[in-house]
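First up is the structure itself, then whatever we jot down about it.
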Amino acid sequence: MTNRFFLPFLAALGLIGFMLPPANAQSQTQPLHQDLVIDLSKSVVEISTGFAGSELLLFGVKNGPGDLVIVIKGPAGDEVVRRKERVAGVWVNKDEVTFTDVPSYYGIASSRPLNMFLNDKAASDNQIGEDKIKIKTKNNNKSAESLAEYHKALIRNKRKIGLYTDKPETISLIGNQLFKTQIRFPANVPVGTYDIKTYLVRDGNISSVDTNLLKVEKIGAEAVIYSFAHRHSLAYGVFAVLMALVTGWLASVFFRKA
Amino acid sequence: MQIYLPIAEISVNVFLILGMGGGVGFLSGLFGVGGGFLMTPLLIFIGIPPAVAVATEANQIVASSMSGVLAHWRRGNVDFKMGFALLIGGVIGSSFGVWLFALLRGLGHLDLVIKISYVGFLGIIGTLMLIESGRALLRRKQKAPPKRKTHYWMHGLPFKVRFRRSKLYISALLPIAIGIVVGLLAAIMGVGGGFVMVPAMIYLLGMPTSVVVGTSLFQIIFVTANVTVLQSVNTQTVDILLALILLAGGVIGAQFGARAGNKLNGEQLRILLALMVLGVCGTIAFDLIATPLDVFSLGAIGGHS
């Protein structure tokens, strides 16, 4: 364990040694960019047969004072939130709101509780915090209150299946410059390209941003089966039936002899 | 040991799935029903998306019915002519059912329709079976002679065909109609439909009990194969890996179940089955009526819309 955590730091230390002289030299041309250097322990999260969730280590160096926030967003898509009502004694889905551009995954990490260092406007502008995710809806005529209720339900249900985090992960600082945090992806993590933004916050405002991309993809048998089912769905169905027939026949033959 | 299911897109414990396959397989071998009416609710209960549970269970039933039918065929307990008439209806009904399934899923009412169908069908069938087998048990004790076969309106229908193996001379429209209903159920509820077909064959058609199970299994193979292919094409919800684990446990369990079934008498078996059917029915009914923890739910999880 110690080695796993230690290695990125060695790398990061090496990075500072390497970065510092050019940082001074280029500070006139790109002052913002040099404030923050981050990297991930891996650039691809691979979903293989034994996949039961994954951990990602994010580490980096910041120049000068300030707090840190990291936001991880999964590929965006539509989400339908339905509301049940009792009809003749039975709970039935009555009403629904479709949200568009909802991040399928939303993770956040910060060096301190957000409200201690980030002002509300900066948080809203950059959608930092689950409650700050900008919501767009498709053709609905709900009141603002009722919509807010659906929005809360969306986040609550996303949390329940582990795709949104209840509270920010901690970013630990070592000295004034080195930082690291660990992000956990559950087994039901959606595939696609994830956007990881690291913000350096000074005096309540964002002073620097760095963006990293992370890919989550199925590999090996998982990828083969998934693409077979989606690209050649008729052949897949026929194959599934043949597999079942042969298995059934084999079992019958085997047990007659046994 | 965790395993990631490529279509269901969740991670499950292999031994849990194997155990479920084995347990349900045993009961299905014992009673001569597909076992889908137990397995599909169980799969949904452990977190498999309902659409994947229904479609994958159809695929598994193909295998369990295949191994079951071979055992009955060797003993000459399959009426292929009757099975053929049933499966004509079955293919029509299941094709319509898969279409309806996709429609309901889009409207957000799929879960509700699945549950209501379960409560309705299992409730009626379970009650009828319990009454019938209870009476039969009493009659046997009193040693009263069984009632003679009576003539119903349906014996006047056209297209009469002689089903030699079943010792029947009835209209082919009857088994076709039963097949349509059973096919529809197979597609929507993720069941083989044996729990509807077996009583229908005994009480409506008047088939001898010995050929009923083998013939219904024969028909179920074709209907569930049709559902598997159609669901693969229309909704891509058949999870081969999940089906494979289920049927590995299922086929083994079914063999032991079939042997155990030979040691119990028919009436006792039917009473047990009736009680189990009513148990599942009651559980799902409670689920429909009880106030949910959260009245809000997410629709298209993981971006399937």
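Each chain in the structure tokens gets a letter, A, B, ..., in the order shown, and its residues are numbered from 1; ligands are numbered from 1 in order too.
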
### Query
Counting only C-alpha atoms, what is within 7 Å of range 210-224 of chain A, bar same-chain residues fewer than 4 positions away, as a PyMOL selection string?
(chain A and resi 36+43-49+191-199+228) or (chain B and resi 6)

### Query
Can you list, as a ChimeraX atom specification, every protein, DNA or RNA residue that comes within 6 Å of Gly97 in chain B when you count only C-alpha atoms, leaving out same-chain residues fewer than 3 positions away?
/B:94,100-101,184,187-188

### Query
as a PyMOL selection string, which residues of range 141-251 of chain A does DSSP assign to strand (DSSP E)?
chain A and resi 169-170+172-174+178-185+192-202+205-218

#### Entry: Distance query Leu56 in chain A at most 8 Å, only C-alpha atoms, self and fewer than 5 positions along chain excluded, as a list of chain:residue names
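Here the qualifying residues turn out to be A:Leu40, A:Ser41, A:Lys42, A:Gln182, A:Ile183, A:Arg184, A:Phe185.
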
Using the selection just defined, write its residues with N, CA, C and O atoms as a PDB file, in the first residue's frame.
```pdb
ATOM      1  N   LEU A  40      -3.287  11.805 -13.252  1.00  0.00           N
ATOM      2  CA  LEU A  40      -4.097  10.707 -12.726  1.00  0.00           C
ATOM      3  C   LEU A  40      -3.251   9.448 -12.650  1.00  0.00           C
ATOM      4  O   LEU A  40      -2.324   9.268 -13.438  1.00  0.00           O
ATOM      5  N   SER A  41      -3.594   8.570 -11.710  1.00  0.00           N
ATOM      6  CA  SER A  41      -2.850   7.321 -11.591  1.00  0.00           C
ATOM      7  C   SER A  41      -3.075   6.429 -12.806  1.00  0.00           C
ATOM      8  O   SER A  41      -2.308   5.538 -13.100  1.00  0.00           O
ATOM      9  N   LYS A  42      -4.186   6.645 -13.529  1.00  0.00           N
ATOM     10  CA  LYS A  42      -4.408   5.941 -14.795  1.00  0.00           C
ATOM     11  C   LYS A  42      -5.335   6.785 -15.650  1.00  0.00           C
ATOM     12  O   LYS A  42      -6.125   7.586 -15.133  1.00  0.00           O
ATOM     13  N   GLN A 182      -8.304  10.595  -3.608  1.00  0.00           N
ATOM     14  CA  GLN A 182      -8.675   9.321  -4.194  1.00  0.00           C
ATOM     15  C   GLN A 182     -10.158   9.372  -4.563  1.00  0.00           C
ATOM     16  O   GLN A 182     -10.984   9.786  -3.756  1.00  0.00           O
ATOM     17  N   ILE A 183     -10.468   8.941  -5.777  1.00  0.00           N
ATOM     18  CA  ILE A 183     -11.861   8.963  -6.227  1.00  0.00           C
ATOM     19  C   ILE A 183     -12.303   7.533  -6.474  1.00  0.00           C
ATOM     20  O   ILE A 183     -11.597   6.754  -7.111  1.00  0.00           O
ATOM     21  N   ARG A 184     -13.477   7.205  -5.938  1.00  0.00           N
ATOM     22  CA  ARG A 184     -13.975   5.843  -6.082  1.00  0.00           C
ATOM     23  C   ARG A 184     -15.097   5.765  -7.101  1.00  0.00           C
ATOM     24  O   ARG A 184     -16.041   6.541  -7.063  1.00  0.00           O
ATOM     25  N   PHE A 185     -14.990   4.829  -8.039  1.00  0.00           N
ATOM     26  CA  PHE A 185     -16.077   4.608  -8.994  1.00  0.00           C
ATOM     27  C   PHE A 185     -16.774   3.302  -8.633  1.00  0.00           C
ATOM     28  O   PHE A 185     -16.115   2.281  -8.473  1.00  0.00           O
TER      29      PHE A 185
END
```

Rows by chain and residue number, chain A within 6 Å of chain B, shortest pair, only C-alpha atoms, as a tab-separated table:
```
residue	atom	partner	partner_atom	distance
A:Thr49	CA	B:Tyr4	CA	5.1
A:Gly50	CA	B:Ile3	CA	4.9
A:Phe51	CA	B:Tyr4	CA	5.6
A:Ala52	CA	B:Ser11	CA	5.9
A:Glu79	CA	B:Ala300	CA	5.9
A:Val80	CA	B:Gly299	CA	4.6
A:Val81	CA	B:Leu298	CA	4.7
A:Arg82	CA	B:Ser297	CA	5.3
A:Arg83	CA	B:Phe296	CA	4.5
A:Lys84	CA	B:Val295	CA	5.0
A:Gly89	CA	B:Ile289	CA	6.0
A:Val90	CA	B:Ile289	CA	4.9
A:Trp91	CA	B:Leu288	CA	5.9
A:Ala187	CA	B:Ser11	CA	5.8
A:Asn188	CA	B:Ile10	CA	5.1
A:Glu222	CA	B:Pro6	CA	5.1
A:Tyr226	CA	B:Pro6	CA	5.8
A:Ser233	CA	B:Val233	CA	4.9
A:Leu234	CA	B:Val233	CA	5.4
A:Gly237	CA	B:Val229	CA	4.2
A:Val238	CA	B:Val229	CA	5.9
A:Val241	CA	B:Ala225	CA	5.7
A:Ala244	CA	B:Ala63	CA	4.3
A:Leu245	CA	B:Ala63	CA	5.2
A:Gly248	CA	B:Ser67	CA	4.4
A:Trp249	CA	B:Ser67	CA	5.3
A:Ser252	CA	B:Ser67	CA	4.9
```

Output file for the residues above (N, CA and C atoms, as a short mmCIF file (atom, residue, chain, number, x, y, z; two decimals), in the first residue's frame):
```cif
data_model
loop_
_atom_site.label_atom_id
_atom_site.label_comp_id
_atom_site.auth_asym_id
_atom_site.auth_seq_id
_atom_site.Cartn_x
_atom_site.Cartn_y
_atom_site.Cartn_z
N THR A 49 -14.29 -8.60 -16.72
CA THR A 49 -15.25 -9.53 -16.13
C THR A 49 -15.31 -9.44 -14.60
N GLY A 50 -14.15 -9.25 -13.98
CA GLY A 50 -14.13 -9.21 -12.52
C GLY A 50 -14.37 -7.83 -11.93
N PHE A 51 -14.78 -6.86 -12.77
CA PHE A 51 -14.90 -5.48 -12.31
C PHE A 51 -15.92 -5.31 -11.19
N ALA A 52 -15.46 -4.71 -10.09
CA ALA A 52 -16.39 -4.44 -8.98
C ALA A 52 -16.14 -3.03 -8.46
N GLU A 79 -32.23 12.03 -18.35
CA GLU A 79 -32.70 11.22 -17.23
C GLU A 79 -34.17 11.53 -17.01
N VAL A 80 -34.95 10.48 -16.84
CA VAL A 80 -36.38 10.67 -16.57
C VAL A 80 -36.62 10.44 -15.08
N VAL A 81 -37.25 11.41 -14.42
CA VAL A 81 -37.63 11.22 -13.03
C VAL A 81 -39.14 11.08 -12.99
N ARG A 82 -39.62 9.97 -12.42
CA ARG A 82 -41.06 9.71 -12.38
C ARG A 82 -41.55 9.78 -10.95
N ARG A 83 -42.79 10.23 -10.82
CA ARG A 83 -43.37 10.33 -9.50
C ARG A 83 -44.57 9.39 -9.39
N LYS A 84 -44.56 8.59 -8.30
CA LYS A 84 -45.65 7.64 -8.10
C LYS A 84 -46.77 8.30 -7.31
N GLY A 89 -55.49 2.34 -4.64
CA GLY A 89 -54.74 1.52 -3.71
C GLY A 89 -53.37 1.07 -4.20
N VAL A 90 -53.10 1.28 -5.49
CA VAL A 90 -51.84 0.81 -6.06
C VAL A 90 -50.97 2.00 -6.45
N TRP A 91 -49.67 1.89 -6.18
CA TRP A 91 -48.74 2.98 -6.53
C TRP A 91 -48.38 2.92 -8.00
N ALA A 187 -19.33 -0.10 -9.17
CA ALA A 187 -19.35 -1.10 -10.24
C ALA A 187 -20.30 -0.71 -11.37
N ASN A 188 -21.31 0.10 -11.07
CA ASN A 188 -22.29 0.47 -12.11
C ASN A 188 -21.90 1.76 -12.83
N GLU A 222 -16.29 -8.54 -21.87
CA GLU A 222 -17.39 -7.58 -21.64
C GLU A 222 -17.64 -6.74 -22.90
N TYR A 226 -20.96 -7.01 -25.36
CA TYR A 226 -21.76 -5.79 -25.49
C TYR A 226 -21.88 -5.36 -26.95
N SER A 233 -27.56 -7.75 -33.45
CA SER A 233 -28.49 -8.21 -32.43
C SER A 233 -29.25 -9.48 -32.83
N LEU A 234 -29.54 -9.65 -34.13
CA LEU A 234 -30.24 -10.87 -34.55
C LEU A 234 -29.35 -12.10 -34.34
N GLY A 237 -29.13 -12.95 -30.71
CA GLY A 237 -30.31 -13.64 -30.21
C GLY A 237 -30.31 -15.11 -30.59
N VAL A 238 -29.96 -15.38 -31.87
CA VAL A 238 -29.92 -16.76 -32.34
C VAL A 238 -28.83 -17.53 -31.58
N VAL A 241 -30.02 -18.48 -28.12
CA VAL A 241 -30.94 -19.62 -28.14
C VAL A 241 -30.17 -20.93 -28.34
N ALA A 244 -28.40 -21.99 -25.28
CA ALA A 244 -29.33 -22.54 -24.29
C ALA A 244 -29.73 -23.97 -24.66
N LEU A 245 -30.01 -24.20 -25.96
CA LEU A 245 -30.42 -25.54 -26.39
C LEU A 245 -29.31 -26.57 -26.14
N GLY A 248 -28.86 -27.23 -22.41
CA GLY A 248 -29.96 -28.06 -21.92
C GLY A 248 -29.79 -29.52 -22.33
N TRP A 249 -29.38 -29.71 -23.59
CA TRP A 249 -29.19 -31.06 -24.11
C TRP A 249 -28.04 -31.76 -23.38
N SER A 252 -28.96 -32.87 -19.97
CA SER A 252 -29.83 -34.03 -20.01
C SER A 252 -29.04 -35.31 -20.27
#
```

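Interatomic distance, CA of Leu58 in chain A to CA of Ile174 in chain A: 13.7 Å.
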
### Task
Record the distance separating CA of Ala235 in chain A and CA of Ala55 in chain B, expressed in Å with one decimal.
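One can read the CA of Ala235 in chain A to CA of Ala55 in chain B distance as 15.7 Å.
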